[in-house]
Amino acid sequence: MKAAFLTASASRKAGGLFWSVRAAASHLRMLDWDLQVFAAVDEYTKTDRAAWQGIPLHLFPTRGPEAFGWMPGLAGALSEAQPDLVHTHGIWMYPSLAACSWGTAHRKPWMVSPRGMLDPWAIRRSAWKKRLAGRLYENRHLRGASCLQALCPAEAEAFRECGLRNPIAIIPNGVDLPDPVSQPDPPSWAHLVPSGSRTLLFLGRLHPKKGLVPLLHAWSCQPQRRSEPWILVIAGWDQGGHRAELGRLAASLGISGSVRFVGPQFGTEKIAALRFVDAFVLPSFSEGLPMAVLEAWSYGLPVLMTPHCHLPEGSAAGAALEAEPEAGSLIHALDSLCRMDPGDRRRMGERGRALVASRFTWTEVARHLSDVYRWVLGRGDRPASVMP
């Protein structure tokens with residue numbers, strides 16, 4: 001059977017979707033789905049295209065406003081591909097319009113994965129633009145979907161609060177478990193960490209929703225409370241000039257000596273970073289279900305995150321500490337993490353890896369998606385992952 005993924009970007013510009021969409025496509029193809037991916041060309045496409053090796057990738061230049069991302073060639077290419085089903089990853093941009101136009105014209109089903117973009121915090125950002133997009137095409141795209149994919153129960157609840165009554169499949173993101181024995185070279189920035197220091201890693205887009213501003217405020221209150229020196233490593237690509245804002249804040253708080261901005265980390269460099277550090281932090285205001293936390297757990301790292309990461313399993317399993325994305329709450333959580341016995345941190349990370357192995361591997365995610373696709377196409381029973 002044939003399926004198509006539609007997404008606004010097939011590069012690092014898509015953030016976590018770059019990893020999750022690619023991995024889902026790869027594992028579905030292992031299950032004998034004839035799956036192709038359709039996306040726009042952007043400034044990182046040339047660098048990141050090689051990562052899609054083995055997955056048919058159709059890329060289109062865009063015209064008009066960047067926030068909409070109109071791809072004039074997409075509609076024709078999608079009709080020519082003749083998929084049985086289209087699955088849109090992310091919303092508010094041209095792929096939404098293309099998917100529902102294709103489905104209506106060909107009388108075929110489509111699915112939608114909003115990927116956290118219907119979270120209340122996300123909707124409040126550029127709210128008037130999203131209201132306009134909703135009236136023009138997005139409401140039709142969402143309401144016409146044969147099934148919506150939620151990454152967690154909280155996201156499914158957000159769908160219902162938006163008035164959506166479609167069936168919802170609750171299927172999380174996943175990761176591939178790394179080899180626990182492999183020991184790559186240290187990351188290129190390892191020399192920036194003083195000998196004997198512990199390291200706390202943030203890895204992701206440098207964007208206001210990631211909660212780095214309250215994290216830096218909380219970090220500034222920590223040095224006198226730590227039993228050993230710690231360095232906060234902030235790794236990721238800048239979005240909208242937020243990196244400069246964070247640098248100025250760190251300087252004004254007097255913490256530049258214990259904060260390192262090391263830029264984007266991809267491929268072997270990201271693996272080296274995850275192998276090198278002692279703990280991981282994601283202080284987000286809003287997430288669907290963050291790949292970064294799953295990857296940190298897969299490498300056996302203890303995690304500090306917010307409830308808005310929608311991974312309560314981590315706290316329940318003793319694999320994570322939770323704090324609200326505000327300085328007061330983060331101060332207490334950072335204090336607990338930094339003062340913890342190294343053996344206790346190691347055991348916390350081991351529980352995270354066990355949690356990923358049992359619930360968040362791409363093999364399982366792809367199997368659930370395949371079952372939902374078959375059900376949507378009338379070729380199987382309703383899977384247990386689907387809410388009526």
# chains A, B, ... in the order shown; residues from 1 in each chain; ligands from 1
$ select_by_dssp --residues "range 90-319 of chain A" --states "alpha helix (DSSP H)" --output "PyMOL selection string"
chain A and resi 94-106+120-124+127-133+139-143+153-161+212-219+242-252+267-276+291-298+312-316
$ write_last_selection --atoms "C-alpha atoms" --output "short mmCIF file (atom, residue, chain, number, x, y, z; two decimals), in the first residue's frame"
data_model
loop_
_atom_site.label_atom_id
_atom_site.label_comp_id
_atom_site.auth_asym_id
_atom_site.auth_seq_id
_atom_site.Cartn_x
_atom_site.Cartn_y
_atom_site.Cartn_z
CA TYR A 94 0.56 24.95 2.86
CA PRO A 95 0.82 21.15 3.36
CA SER A 96 -2.47 21.38 5.29
CA LEU A 97 -4.23 22.93 2.32
CA ALA A 98 -2.57 20.52 -0.11
CA ALA A 99 -3.63 17.47 1.90
CA CYS A 100 -7.31 18.34 2.23
CA SER A 101 -7.51 19.54 -1.41
CA TRP A 102 -5.95 16.24 -2.56
CA GLY A 103 -8.23 14.15 -0.33
CA THR A 104 -11.36 15.98 -1.46
CA ALA A 105 -10.45 15.79 -5.14
CA HIS A 106 -9.49 12.09 -5.07
CA PRO A 120 -2.80 26.22 24.15
CA TRP A 121 0.60 27.94 24.52
CA ALA A 122 1.36 27.38 20.83
CA ILE A 123 -2.04 28.69 19.72
CA ARG A 124 -1.52 31.90 21.68
CA ALA A 127 -2.95 33.98 17.46
CA TRP A 128 -4.49 36.24 14.80
CA LYS A 129 -2.52 34.52 12.01
CA LYS A 130 -3.72 31.14 13.22
CA ARG A 131 -7.33 32.31 13.41
CA LEU A 132 -7.04 33.48 9.80
CA ALA A 133 -5.41 30.21 8.69
CA ASN A 139 -10.23 23.97 10.19
CA ARG A 140 -11.24 22.06 7.06
CA HIS A 141 -7.95 20.14 7.11
CA LEU A 142 -8.31 19.12 10.76
CA ARG A 143 -12.04 18.40 10.79
CA PRO A 153 -3.22 11.90 26.18
CA ALA A 154 -2.71 15.60 27.01
CA GLU A 155 -2.46 16.42 23.31
CA ALA A 156 -5.62 14.41 22.61
CA GLU A 157 -7.37 16.47 25.28
CA ALA A 158 -6.17 19.66 23.56
CA PHE A 159 -7.75 18.42 20.32
CA ARG A 160 -11.10 17.98 22.05
CA GLU A 161 -10.82 21.42 23.65
CA LEU A 212 15.73 28.92 28.58
CA VAL A 213 15.13 32.38 30.07
CA PRO A 214 13.75 31.04 33.38
CA LEU A 215 16.42 28.33 33.30
CA LEU A 216 19.19 30.93 33.19
CA HIS A 217 17.57 32.88 36.03
CA ALA A 218 17.39 29.68 38.08
CA TRP A 219 20.97 28.77 37.17
CA HIS A 242 17.05 34.21 20.64
CA ARG A 243 20.68 33.10 21.03
CA ALA A 244 21.88 36.70 21.31
CA GLU A 245 19.16 37.46 23.85
CA LEU A 246 20.22 34.49 25.97
CA GLY A 247 23.88 35.49 25.79
CA ARG A 248 23.09 38.99 27.02
CA LEU A 249 20.96 37.58 29.83
CA ALA A 250 23.72 35.20 30.95
CA ALA A 251 26.19 38.11 31.03
CA SER A 252 23.82 40.36 32.97
CA GLY A 267 24.96 13.24 13.73
CA THR A 268 28.09 12.01 15.47
CA GLU A 269 28.49 15.33 17.27
CA LYS A 270 25.09 14.93 18.93
CA ILE A 271 25.91 11.35 19.91
CA ALA A 272 29.20 12.51 21.40
CA ALA A 273 27.40 15.23 23.36
CA LEU A 274 24.86 12.80 24.82
CA ARG A 275 27.66 10.38 25.78
CA PHE A 276 29.72 13.15 27.40
CA MET A 291 12.32 13.75 20.96
CA ALA A 292 15.14 15.32 22.97
CA VAL A 293 13.98 13.78 26.25
CA LEU A 294 13.53 10.34 24.68
CA GLU A 295 17.02 10.56 23.20
CA ALA A 296 18.49 11.63 26.54
CA TRP A 297 16.87 8.66 28.26
CA SER A 298 18.06 6.31 25.52
CA PRO A 312 4.53 11.82 33.17
CA GLU A 313 5.82 8.27 32.69
CA GLY A 314 9.30 9.61 33.38
CA SER A 315 8.49 10.90 36.85
CA ALA A 316 6.41 7.82 37.63
#
$ closest_atom_pairs --of "range 192-270 of chain A" --to "range 16-20 of chain A" --cutoff "12 Å" --atoms "only C-alpha atoms" --output "Markdown table"
| residue | atom | partner | partner_atom | distance |
| --- | --- | --- | --- | --- |
| A:Leu203 | CA | A:Gly16 | CA | 10.7 |
| A:Gly204 | CA | A:Gly16 | CA | 8.0 |
| A:Arg205 | CA | A:Gly16 | CA | 8.7 |
| A:Gly236 | CA | A:Gly16 | CA | 11.5 |
| A:Trp237 | CA | A:Gly16 | CA | 11.9 |
| A:Phe266 | CA | A:Trp19 | CA | 10.5 |
| A:Gly267 | CA | A:Trp19 | CA | 10.9 |
$ write_last_selection --atoms "C-alpha atoms" --output "PDB file, in the first residue's frame"
ATOM      1  CA  LEU A 203      19.654  20.316  23.252  1.00  0.00           C
ATOM      2  CA  GLY A 204      17.082  21.799  20.880  1.00  0.00           C
ATOM      3  CA  ARG A 205      15.955  24.954  19.125  1.00  0.00           C
ATOM      4  CA  GLY A 236      21.039  24.092  19.420  1.00  0.00           C
ATOM      5  CA  TRP A 237      20.346  26.293  16.473  1.00  0.00           C
ATOM      6  CA  PHE A 266      23.925  16.779  14.595  1.00  0.00           C
ATOM      7  CA  GLY A 267      24.957  13.243  13.734  1.00  0.00           C
TER       8      GLY A 267
END
$ residues_around --residues "His308 in chain A" --least-positions-apart "2" --cutoff "6 Å" --atoms "only C-alpha atoms" --output "list in words"
Phe285, Ser286, Thr306 and His310 of chain A
$ write_last_selection --atoms "N, CA and C atoms" --output "mmCIF file, in the first residue's frame"
data_model
loop_
_atom_site.group_PDB
_atom_site.id
_atom_site.type_symbol
_atom_site.label_atom_id
_atom_site.label_comp_id
_atom_site.auth_asym_id
_atom_site.auth_seq_id
_atom_site.Cartn_x
_atom_site.Cartn_y
_atom_site.Cartn_z
ATOM 1 N N PHE A 285 7.891 25.514 27.895
ATOM 2 C CA PHE A 285 6.519 25.956 28.139
ATOM 3 C C PHE A 285 5.524 25.111 27.356
ATOM 4 N N SER A 286 5.959 24.516 26.244
ATOM 5 C CA SER A 286 5.032 23.812 25.353
ATOM 6 C C SER A 286 5.793 22.786 24.526
ATOM 7 N N THR A 306 9.724 19.831 32.351
ATOM 8 C CA THR A 306 8.488 20.413 32.859
ATOM 9 C C THR A 306 7.303 19.495 32.564
ATOM 10 N N HIS A 310 4.851 16.570 28.646
ATOM 11 C CA HIS A 310 3.843 15.514 28.512
ATOM 12 C C HIS A 310 4.444 14.110 28.566
#
$ closest_residue --among "A:Cys338, A:Cys147, A:Leu301, A:Leu118" --to "Leu377 in chain A" --atoms "only C-alpha atoms"
A:Cys147
$ closest_residue --among "A:Ser79, A:Tyr299, A:Gly174, A:Ser11" --to "Leu59 in chain A" --atoms "only C-alpha atoms"
A:Ser11
$ select_by_dssp --residues "range 4-54 of chain A" --states "strand (DSSP E)" --output "PyMOL selection string"
chain A and resi 4-9+34-40
$ atom_distance --atom1 "CA of Ser258 in chain A" --atom2 "CA of Gly352 in chain A"
26.6 Å
$ residues_around --residues "Glu43 in chain A" --least-positions-apart "3" --cutoff "9 Å" --atoms "only C-alpha atoms" --output "number ranges by chain"
A: 11, 13, 46-47
$ write_last_selection --atoms "C-alpha atoms" --output "PDB file, in the first residue's frame"
ATOM      1  CA  SER A  11      15.647  19.724   7.310  1.00  0.00           C
ATOM      2  CA  LYS A  13      14.574  23.867  10.297  1.00  0.00           C
ATOM      3  CA  LYS A  46      21.252  20.712   0.816  1.00  0.00           C
ATOM      4  CA  THR A  47      23.102  19.858   4.034  1.00  0.00           C
TER       5      THR A  47
END
$ closest_residue --among "A:Ala3, A:Ala145, A:Ile231, A:Val175" --to "Gly196 in chain A" --atoms "only C-alpha atoms"
A:Ile231
$ closest_residue --among "A:Ala169, A:Ala323, A:Ser284, A:Gly318" --to "Val386 in chain A" --atoms "only C-alpha atoms"
A:Ala169
$ closest_residue --among "A:Glu228, A:Met93, A:Lys210, A:Arg49" --to "Phe68 in chain A" --atoms "only C-alpha atoms"
A:Met93
$ atom_distance --atom1 "CA of Leu151 in chain A" --atom2 "CA of Trp362 in chain A"
13.2 Å
$ closest_residue --among "A:Leu148, A:Leu337, A:Ala40, A:Ile331" --to "Ser385 in chain A" --atoms "only C-alpha atoms"
A:Leu148
$ atom_distance --atom1 "CA of Ala357 in chain A" --atom2 "CA of Leu369 in chain A"
18.0 Å
